[in-house]
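As structure tokens, the structure follows; a few thoughts come after it.
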Amino acid sequence: ANVTKFAVGDEVVGTVDGVGAYAEYCAAPAGKLTRKPTTVSFLAAAGAVQSALTALQALRNTARIKPGQSVLVIGASGGVGSYAVELAKHHFGAARVTAVCSTSKIDMVRALGADTVLDYRSQNWWELAREGGHNAPYDIVLQTGGNAWASR
């Protein structure tokens with residue numbers, strides 16, 4: 001193969017088009033891979049790739065996000081949610097990103113780019129988001145967990 005980006009023995013992570021792949025060894029196009037940081041385990045690196053791709057696909061492919069839209073991310077401090085906040089604000093140009101997370105994660109989520117962070121432990125975040133307390137309604141609501149929040 002004409003791969004010049006990597007050498008035999010390089011530790012890499014990435015994705016394989018159209019199929020999932022969790023394996024010690026796998027053939028993949030070089031363009032779908034990146035070097036794994038030496039300070040990160042394979043387990044953590046694989047999780048980061050999966051979380052980032054899930055957030056990207058949810059915003060780009062499913063929600064069809066456009067610049068200037070407003071986004072509500074429920075579960076903003078988890079793997080998918082944290083990438084969703086960053087992608088919505090910094091990559092897709094959302095005008096406003098409102099994030100829902102727990103008290104201990106507020107500063108981290110705000111640092112990712114959220115304009116407003118609602119604490120589900122101490123605030124009635126659903127009423128705040130729904131009734132316009134934070135400039136609702138939203139163009140996109142991304143719920144990253146399996147809780148019954150979306151049924152509200």
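Lettering and numbering for the structure tokens are positional, with chains as A, B, ... in the shown order, residues counted from 1 in each chain, and ligands counted from 1 in the shown order.
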**Item:** Shell of 12 Å around stretch 76-79 of chain A, only C-alpha atoms, local chain residues under 2 positions omitted, as a PyMOL selection string
**Value:** chain A and resi 44-56+71-74+81-88+97-114+116-120+141-145
**Backbone-only DSSP, strand (DSSP E) members of chain A, as a ChimeraX atom specification** = /A:12-14,33-35,70-74,96-101,116-119,140-143
**Item:** Residues within 8 Å of stretch 9-18 of chain A, only C-alpha atoms, excluding chain neighbours under 5 positions, as a VMD selection string
**Value:** chain A and resid 28 to 29 32 to 36 42 45 to 46 49
**Item:** Pick from A:Ala7, A:Val40, A:Val80, A:Ala23 nearest to A:Leu59, counting only C-alpha atoms
**Value:**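 Between A:Ala7, A:Val40, A:Val80, A:Ala23, the residue approaching A:Leu59 most closely is A:Val80.
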